[in-house]
file work-v8.pdb (PDB, C-alpha atoms)
ATOM      1  CA  MET A 384      33.759   9.218  27.206  1.00  0.00           C
ATOM      2  CA  ARG A 385      34.999   5.686  26.500  1.00  0.00           C
ATOM      3  CA  LEU A 386      31.490   4.280  26.923  1.00  0.00           C
ATOM      4  CA  SER A 387      30.110   6.823  24.457  1.00  0.00           C
ATOM      5  CA  ILE A 388      32.625   5.801  21.784  1.00  0.00           C
ATOM      6  CA  ARG A 389      31.690   2.129  22.285  1.00  0.00           C
ATOM      7  CA  ALA A 390      28.014   2.995  21.969  1.00  0.00           C
ATOM      8  CA  ILE A 391      28.655   4.946  18.768  1.00  0.00           C
ATOM      9  CA  VAL A 392      30.726   2.119  17.266  1.00  0.00           C
ATOM     10  CA  ALA A 393      28.048  -0.426  18.182  1.00  0.00           C
ATOM     11  CA  ALA A 394      25.356   1.760  16.617  1.00  0.00           C
ATOM     12  CA  LEU A 395      27.399   2.152  13.422  1.00  0.00           C
ATOM     13  CA  VAL A 396      27.975  -1.606  13.184  1.00  0.00           C
ATOM     14  CA  LEU A 397      24.250  -2.229  13.660  1.00  0.00           C
ATOM     15  CA  LEU A 398      23.337   0.426  11.106  1.00  0.00           C
ATOM     16  CA  GLY A 399      25.843  -1.032   8.635  1.00  0.00           C
ATOM     17  CA  SER A 400      24.413  -4.527   9.020  1.00  0.00           C
ATOM     18  CA  VAL A 401      20.900  -3.204   8.413  1.00  0.00           C
ATOM     19  CA  LEU A 402      21.944  -1.179   5.352  1.00  0.00           C
ATOM     20  CA  LEU A 403      23.951  -4.038   3.875  1.00  0.00           C
ATOM     21  CA  ALA A 404      21.282  -6.692   4.456  1.00  0.00           C
ATOM     22  CA  PRO A 405      19.884  -8.028   1.191  1.00  0.00           C
ATOM     23  CA  ALA A 406      16.603  -6.301   0.401  1.00  0.00           C
ATOM     24  CA  ALA A 407      15.298  -9.346  -1.480  1.00  0.00           C
ATOM     25  CA  SER A 408      14.932 -11.319   1.743  1.00  0.00           C
ATOM     26  CA  ALA A 409      12.139  -9.126   3.102  1.00  0.00           C
ATOM     27  CA  THR A 410       8.533  -9.726   2.107  1.00  0.00           C
ATOM     28  CA  PRO A 411       6.875  -6.345   1.561  1.00  0.00           C
ATOM     29  CA  SER A 412       3.369  -5.527   2.646  1.00  0.00           C
ATOM     30  CA  ARG A 413       0.628  -5.097   0.045  1.00  0.00           C
ATOM     31  CA  GLY A 414      -2.552  -3.095   0.430  1.00  0.00           C
ATOM     32  CA  VAL A 415      -1.712  -1.847   3.934  1.00  0.00           C
ATOM     33  CA  THR A 416      -2.279   1.691   5.189  1.00  0.00           C
ATOM     34  CA  ALA A 417      -1.895   2.987   8.730  1.00  0.00           C
ATOM     35  CA  LYS A 418      -2.987   6.046  10.649  1.00  0.00           C
ATOM     36  CA  LEU A 419      -1.272   7.159  13.861  1.00  0.00           C
ATOM     37  CA  LEU A 420      -3.872   7.703  16.598  1.00  0.00           C
ATOM     38  CA  ALA A 421      -1.635   8.358  19.615  1.00  0.00           C
ATOM     39  CA  GLN A 422       1.978   8.079  20.720  1.00  0.00           C
ATOM     40  CA  HIS A 423       3.513   8.452  24.180  1.00  0.00           C
ATOM     41  CA  THR A 424       6.769   7.500  25.891  1.00  0.00           C
ATOM     42  CA  VAL A 425       6.955   6.542  29.557  1.00  0.00           C
ATOM     43  CA  GLY A 426      10.465   5.845  30.802  1.00  0.00           C
ATOM     44  CA  ASP A 427      12.082   3.388  28.378  1.00  0.00           C
ATOM     45  CA  THR A 428       8.804   2.296  26.755  1.00  0.00           C
ATOM     46  CA  ASP A 429       7.036   3.693  23.693  1.00  0.00           C
ATOM     47  CA  TYR A 430       3.262   3.292  23.411  1.00  0.00           C
ATOM     48  CA  VAL A 431       1.966   3.738  19.876  1.00  0.00           C
ATOM     49  CA  LEU A 432      -1.694   3.382  18.912  1.00  0.00           C
ATOM     50  CA  ARG A 433      -2.436   2.938  15.203  1.00  0.00           C
ATOM     51  CA  GLU A 434      -5.375   2.119  13.005  1.00  0.00           C
ATOM     52  CA  ILE A 435      -4.262  -0.314  10.318  1.00  0.00           C
ATOM     53  CA  THR A 436      -6.313  -1.082   7.222  1.00  0.00           C
ATOM     54  CA  ILE A 437      -5.542  -4.047   4.980  1.00  0.00           C
ATOM     55  CA  ALA A 438      -7.342  -4.169   1.637  1.00  0.00           C
ATOM     56  CA  PRO A 439      -8.904  -7.423   0.420  1.00  0.00           C
ATOM     57  CA  GLY A 440      -6.055  -9.673  -0.745  1.00  0.00           C
ATOM     58  CA  GLY A 441      -3.550  -7.583   1.205  1.00  0.00           C
ATOM     59  CA  THR A 442      -0.777  -8.753   3.495  1.00  0.00           C
ATOM     60  CA  THR A 443       1.480  -7.303   6.166  1.00  0.00           C
ATOM     61  CA  GLY A 444       4.447  -9.237   4.801  1.00  0.00           C
ATOM     62  CA  TRP A 445       6.507 -11.421   7.116  1.00  0.00           C
ATOM     63  CA  HIS A 446       7.751  -9.519  10.143  1.00  0.00           C
ATOM     64  CA  ARG A 447       8.259  -9.482  13.904  1.00  0.00           C
ATOM     65  CA  HIS A 448       8.140  -6.873  16.647  1.00  0.00           C
ATOM     66  CA  LEU A 449      10.613  -6.032  19.407  1.00  0.00           C
ATOM     67  CA  GLY A 450       7.807  -5.572  21.937  1.00  0.00           C
ATOM     68  CA  THR A 451       4.263  -6.770  22.569  1.00  0.00           C
ATOM     69  CA  LEU A 452       1.312  -5.736  20.408  1.00  0.00           C
ATOM     70  CA  TYR A 453      -2.336  -5.714  21.447  1.00  0.00           C
ATOM     71  CA  GLY A 454      -4.868  -5.549  18.643  1.00  0.00           C
ATOM     72  CA  VAL A 455      -8.630  -5.505  18.146  1.00  0.00           C
ATOM     73  CA  VAL A 456     -10.364  -6.268  14.858  1.00  0.00           C
ATOM     74  CA  ARG A 457     -12.780  -3.404  14.098  1.00  0.00           C
ATOM     75  CA  GLY A 458     -13.921  -4.730  10.719  1.00  0.00           C
ATOM     76  CA  GLY A 459     -13.232  -7.599   8.352  1.00  0.00           C
ATOM     77  CA  VAL A 460     -11.318 -10.773   9.188  1.00  0.00           C
ATOM     78  CA  LEU A 461      -7.621 -11.169  10.057  1.00  0.00           C
ATOM     79  CA  SER A 462      -5.958 -14.430   9.004  1.00  0.00           C
ATOM     80  CA  HIS A 463      -2.736 -14.823  10.989  1.00  0.00           C
ATOM     81  CA  PHE A 464       0.081 -17.291  10.168  1.00  0.00           C
ATOM     82  CA  ASP A 465       3.265 -18.300  11.999  1.00  0.00           C
ATOM     83  CA  ALA A 466       6.723 -19.154  10.658  1.00  0.00           C
ATOM     84  CA  ASP A 467       5.716 -22.838  10.359  1.00  0.00           C
ATOM     85  CA  CYS A 468       3.238 -21.717   7.663  1.00  0.00           C
ATOM     86  CA  ALA A 469       0.362 -22.777   9.922  1.00  0.00           C
ATOM     87  CA  SER A 470      -2.642 -20.649  10.743  1.00  0.00           C
ATOM     88  CA  ASP A 471      -2.392 -19.502  14.329  1.00  0.00           C
ATOM     89  CA  GLY A 472      -5.752 -17.776  14.312  1.00  0.00           C
ATOM     90  CA  VAL A 473      -8.600 -16.234  12.403  1.00  0.00           C
ATOM     91  CA  TYR A 474      -9.848 -13.082  14.118  1.00  0.00           C
ATOM     92  CA  LYS A 475     -13.228 -11.509  13.419  1.00  0.00           C
ATOM     93  CA  ARG A 476     -14.773  -8.170  14.330  1.00  0.00           C
ATOM     94  CA  GLY A 477     -14.539  -7.538  18.076  1.00  0.00           C
ATOM     95  CA  GLN A 478     -11.885 -10.177  18.705  1.00  0.00           C
ATOM     96  CA  ALA A 479      -8.501  -9.366  20.235  1.00  0.00           C
ATOM     97  CA  ILE A 480      -5.030 -10.596  19.321  1.00  0.00           C
ATOM     98  CA  VAL A 481      -1.734 -10.379  21.219  1.00  0.00           C
ATOM     99  CA  GLU A 482       1.618 -10.673  19.445  1.00  0.00           C
ATOM    100  CA  ARG A 483       4.628 -11.421  21.640  1.00  0.00           C
ATOM    101  CA  PRO A 484       8.138 -10.031  20.987  1.00  0.00           C
ATOM    102  CA  ASP A 485      10.226 -11.657  18.229  1.00  0.00           C
ATOM    103  CA  TYR A 486       7.343 -13.815  16.988  1.00  0.00           C
ATOM    104  CA  VAL A 487       7.728 -14.117  13.189  1.00  0.00           C
ATOM    105  CA  HIS A 488       4.333 -13.944  11.494  1.00  0.00           C
ATOM    106  CA  VAL A 489       2.225 -12.549   8.678  1.00  0.00           C
ATOM    107  CA  GLY A 490      -1.271 -11.076   8.725  1.00  0.00           C
ATOM    108  CA  ARG A 491      -3.491 -11.435   5.676  1.00  0.00           C
ATOM    109  CA  ASN A 492      -6.894 -10.247   4.555  1.00  0.00           C
ATOM    110  CA  LEU A 493      -8.379 -13.192   2.685  1.00  0.00           C
ATOM    111  CA  GLY A 494     -11.856 -11.646   2.744  1.00  0.00           C
ATOM    112  CA  THR A 495     -13.740  -9.339   0.404  1.00  0.00           C
ATOM    113  CA  GLU A 496     -13.992  -6.289   2.685  1.00  0.00           C
ATOM    114  CA  PRO A 497     -11.281  -4.114   4.224  1.00  0.00           C
ATOM    115  CA  LEU A 498      -9.714  -5.408   7.436  1.00  0.00           C
ATOM    116  CA  ILE A 499      -9.471  -2.695  10.078  1.00  0.00           C
ATOM    117  CA  LEU A 500      -7.343  -3.174  13.190  1.00  0.00           C
ATOM    118  CA  GLU A 501      -6.627  -0.944  16.151  1.00  0.00           C
ATOM    119  CA  VAL A 502      -3.192  -1.866  17.456  1.00  0.00           C
ATOM    120  CA  LEU A 503      -1.311  -0.766  20.554  1.00  0.00           C
ATOM    121  CA  TYR A 504       2.452  -1.251  20.193  1.00  0.00           C
ATOM    122  CA  VAL A 505       4.363  -1.499  23.499  1.00  0.00           C
ATOM    123  CA  LEU A 506       7.989  -1.242  22.433  1.00  0.00           C
ATOM    124  CA  PRO A 507      11.401  -0.437  23.850  1.00  0.00           C
ATOM    125  CA  HIS A 508      11.996   3.294  23.402  1.00  0.00           C
ATOM    126  CA  GLY A 509      13.179   4.048  19.872  1.00  0.00           C
ATOM    127  CA  ALA A 510      12.475   0.563  18.496  1.00  0.00           C
ATOM    128  CA  PRO A 511      10.987   0.261  15.001  1.00  0.00           C
ATOM    129  CA  LEU A 512       7.309  -0.652  14.773  1.00  0.00           C
ATOM    130  CA  ALA A 513       8.226  -3.851  12.912  1.00  0.00           C
ATOM    131  CA  VAL A 514      11.268  -5.718  11.646  1.00  0.00           C
ATOM    132  CA  ASP A 515      10.951  -7.271   8.163  1.00  0.00           C
ATOM    133  CA  GLU A 516      11.623 -10.996   7.858  1.00  0.00           C
ATOM    134  CA  ALA A 517      12.098 -13.333   4.933  1.00  0.00           C
ATOM    135  CA  ASN A 518       9.335 -15.701   3.927  1.00  0.00           C
ATOM    136  CA  PRO A 519      10.105 -18.868   5.930  1.00  0.00           C
ATOM    137  CA  GLY A 520       9.164 -20.996   2.914  1.00  0.00           C
ATOM    138  CA  CYS A 521       5.385 -20.696   2.869  1.00  0.00           C
ATOM    139  CA  GLU A 522       3.852 -21.179  -0.575  1.00  0.00           C
ATOM    140  CA  PHE A 523       1.131 -18.590  -0.062  1.00  0.00           C
ATOM    141  CA  GLU A 524       3.422 -15.554   0.210  1.00  0.00           C
TER     142      GLU A 524
END
call {"tool": "encode", "arguments": {"input": "work-v8.pdb", "output": "structure tokens"}}
result
Amino acid sequence: MRLSIRAIVAALVLLGSVLLAPAASATPSRGVTAKLLAQHTVGDTDYVLREITIAPGGTTGWHRHLGTLYGVVRGGVLSHFDADCASDGVYKRGQAIVERPDYVHVGRNLGTEPLILEVLYVLPHGAPLAVDEANPGCEFE
């Protein structure tokens, strides 16, 4: 019983810190839609497959993930930037991308056609798909 009370207190503290965090620090996505294709849990791991579409000029906003993501560009071009404001890749149709846990980044569609990605999220069970982050000081966001 004592362990359960500690777990509840820890969860409440975490929830409170999330709810009290300043909303202005996050960089919201623009022009992004997503469709759930499949979802399955095995043990302590969630596997979520989504199709993500980013309109021309759209952005994911700055974020990170608590697990690894595996993506494939199905259409358009993904411009990917890291927290140093440097491009860490430009991915075209048919190319794959892997995002490691806790890697702060932003994905952008700088092209003129929709960017379509198929993404497999491999996350700890119950983890959010993404965690919003503040712009690290990049002028383009």
call {"tool": "residues_around", "arguments": {"input": "work-v8.pdb", "residues": "His488 of chain A", "least_positions_apart": "5", "cutoff": "7 Å", "atoms": "all atoms listed in the file", "output": "PyMOL selection string"}}
result
chain A and resi 445-447+464-466
call {"tool": "resolve_selection", "arguments": {"input": "work-v8.pdb", "expression": "the PyMOL selection byres ((chain A and resi 477) around 8)", "output": "list of chain:residue names"}}
result
A:Val455, A:Val456, A:Arg457, A:Gly458, A:Lys475, A:Arg476, A:Gln478, A:Ala479
call {"tool": "write_last_selection", "arguments": {"input": "work-v8.pdb", "atoms": "C-alpha atoms", "output": "PDB file, in the coordinates of the input"}}
result
ATOM      1  CA  VAL A 455      -8.630  -5.505  18.146  1.00  0.00           C
ATOM      2  CA  VAL A 456     -10.364  -6.268  14.858  1.00  0.00           C
ATOM      3  CA  ARG A 457     -12.780  -3.404  14.098  1.00  0.00           C
ATOM      4  CA  GLY A 458     -13.921  -4.730  10.719  1.00  0.00           C
ATOM      5  CA  LYS A 475     -13.228 -11.509  13.419  1.00  0.00           C
ATOM      6  CA  ARG A 476     -14.773  -8.170  14.330  1.00  0.00           C
ATOM      7  CA  GLN A 478     -11.885 -10.177  18.705  1.00  0.00           C
ATOM      8  CA  ALA A 479      -8.501  -9.366  20.235  1.00  0.00           C
TER       9      ALA A 479
END
call {"tool": "residues_around", "arguments": {"input": "work-v8.pdb", "residues": "Ile435 of chain A", "least_positions_apart": "2", "cutoff": "7 Å", "atoms": "all atoms listed in the file", "output": "PyMOL selection string"}}
result
chain A and resi 416-418+433+437+499-501
call {"tool": "residues_around", "arguments": {"input": "work-v8.pdb", "residues": "Thr442 of chain A", "least_positions_apart": "6", "cutoff": "8 Å", "atoms": "all atoms listed in the file", "output": "PyMOL selection string"}}
result
chain A and resi 412-415+489-492
call {"tool": "closest_residue", "arguments": {"input": "work-v8.pdb", "among": "A:Pro519, A:Pro511, A:Gly426, A:Gly459", "to": "Gly440 of chain A", "atoms": "all atoms listed in the file"}}
result
A:Gly459
call {"tool": "closest_residue", "arguments": {"input": "work-v8.pdb", "among": "A:Ala409, A:Leu503, A:Val473, A:Ile480", "to": "Glu434 of chain A", "atoms": "only C-alpha atoms"}}
result
A:Leu503
call {"tool": "closest_residue", "arguments": {"input": "work-v8.pdb", "among": "A:Leu498, A:Thr410, A:Tyr474, A:Val425", "to": "Ser462 of chain A", "atoms": "all atoms listed in the file"}}
result
A:Tyr474
call {"tool": "atom_distance", "arguments": {"input": "work-v8.pdb", "atom1": "atom CA of Thr443 of chain A", "atom2": "atom CA of Asp427 of chain A"}}
result
26.8 Å
call {"tool": "closest_residue", "arguments": {"input": "work-v8.pdb", "among": "A:Gly450, A:Pro439, A:Gly494, A:Gly444", "to": "Leu512 of chain A", "atoms": "all atoms listed in the file"}}
result
A:Gly450
call {"tool": "resolve_selection", "arguments": {"input": "work-v8.pdb", "expression": "the PyMOL selection byres ((chain A and resi 424) around 12)", "output": "list in words"}}
result
Ala421, Gln422, His423, Val425, Gly426, Asp427, Thr428, Asp429, Tyr430, Val431, Leu432, Tyr504, Val505, Leu506, Pro507, His508, Gly509 and Ala510 of chain A
call {"tool": "atom_distance", "arguments": {"input": "work-v8.pdb", "atom1": "atom CA of Phe523 of chain A", "atom2": "atom CA of Pro411 of chain A"}}
result
13.6 Å
call {"tool": "residues_around", "arguments": {"input": "work-v8.pdb", "residues": "His448 of chain A", "least_positions_apart": "6", "cutoff": "8 Å", "atoms": "only C-alpha atoms", "output": "ChimeraX atom specification"}}
result
/A:483-486,511-514
call {"tool": "closest_residue", "arguments": {"input": "work-v8.pdb", "among": "A:Cys468, A:Leu461, A:Leu419, A:Leu449", "to": "Asn518 of chain A", "atoms": "all atoms listed in the file"}}
result
A:Cys468
call {"tool": "atom_distance", "arguments": {"input": "work-v8.pdb", "atom1": "atom CA of Val481 of chain A", "atom2": "atom CA of Leu452 of chain A"}}
result
5.6 Å
call {"tool": "build_atoms", "arguments": {"input": "work-v8.pdb", "residues": "segment 492-516 of chain A", "atoms": "N, CA and C atoms", "output": "short mmCIF file (atom, residue, chain, number, x, y, z; two decimals), in the coordinates of the input"}}
result
data_model
loop_
_atom_site.label_atom_id
_atom_site.label_comp_id
_atom_site.auth_asym_id
_atom_site.auth_seq_id
_atom_site.Cartn_x
_atom_site.Cartn_y
_atom_site.Cartn_z
N ASN A 492 -5.46 -10.46 4.72
CA ASN A 492 -6.89 -10.25 4.56
C ASN A 492 -7.33 -11.12 3.39
N LEU A 493 -7.91 -12.27 3.71
CA LEU A 493 -8.38 -13.19 2.68
C LEU A 493 -9.84 -12.95 2.33
N GLY A 494 -10.45 -11.94 2.95
CA GLY A 494 -11.86 -11.65 2.74
C GLY A 494 -12.09 -10.69 1.59
N THR A 495 -13.34 -10.22 1.50
CA THR A 495 -13.74 -9.34 0.40
C THR A 495 -13.98 -7.90 0.87
N GLU A 496 -13.83 -7.65 2.17
CA GLU A 496 -13.99 -6.29 2.68
C GLU A 496 -12.72 -5.87 3.39
N PRO A 497 -12.50 -4.56 3.54
CA PRO A 497 -11.28 -4.11 4.22
C PRO A 497 -11.20 -4.65 5.65
N LEU A 498 -10.00 -4.99 6.07
CA LEU A 498 -9.71 -5.41 7.44
C LEU A 498 -9.22 -4.18 8.18
N ILE A 499 -9.86 -3.86 9.30
CA ILE A 499 -9.47 -2.70 10.08
C ILE A 499 -9.08 -3.16 11.48
N LEU A 500 -7.87 -2.80 11.88
CA LEU A 500 -7.34 -3.17 13.19
C LEU A 500 -6.97 -1.92 13.97
N GLU A 501 -7.21 -1.94 15.26
CA GLU A 501 -6.63 -0.94 16.15
C GLU A 501 -5.55 -1.68 16.93
N VAL A 502 -4.33 -1.16 16.87
CA VAL A 502 -3.19 -1.87 17.46
C VAL A 502 -2.42 -0.94 18.39
N LEU A 503 -2.17 -1.45 19.60
CA LEU A 503 -1.31 -0.77 20.55
C LEU A 503 0.03 -1.47 20.57
N TYR A 504 1.08 -0.74 20.18
CA TYR A 504 2.45 -1.25 20.19
C TYR A 504 3.07 -0.83 21.53
N VAL A 505 3.64 -1.78 22.26
CA VAL A 505 4.36 -1.50 23.50
C VAL A 505 5.80 -1.94 23.25
N LEU A 506 6.66 -0.96 22.96
CA LEU A 506 7.99 -1.24 22.43
C LEU A 506 9.07 -0.59 23.28
N PRO A 507 10.27 -1.16 23.23
CA PRO A 507 11.40 -0.44 23.85
C PRO A 507 11.55 0.92 23.17
N HIS A 508 11.89 1.94 23.94
CA HIS A 508 12.00 3.29 23.40
C HIS A 508 12.92 3.33 22.18
N GLY A 509 12.41 3.89 21.10
CA GLY A 509 13.18 4.05 19.87
C GLY A 509 13.15 2.85 18.94
N ALA A 510 12.52 1.76 19.35
CA ALA A 510 12.48 0.56 18.50
C ALA A 510 11.58 0.81 17.28
N PRO A 511 11.87 0.15 16.16
CA PRO A 511 10.99 0.26 15.00
C PRO A 511 9.65 -0.41 15.30
N LEU A 512 8.62 -0.03 14.58
CA LEU A 512 7.31 -0.65 14.77
C LEU A 512 7.34 -2.12 14.38
N ALA A 513 8.12 -2.46 13.37
CA ALA A 513 8.23 -3.85 12.91
C ALA A 513 9.60 -4.06 12.29
N VAL A 514 10.01 -5.32 12.28
CA VAL A 514 11.27 -5.72 11.65
C VAL A 514 10.91 -6.71 10.55
N ASP A 515 11.25 -6.38 9.29
CA ASP A 515 10.95 -7.27 8.16
C ASP A 515 11.69 -8.59 8.31
N GLU A 516 11.04 -9.65 7.86
CA GLU A 516 11.62 -11.00 7.86
C GLU A 516 11.41 -11.63 6.49
#
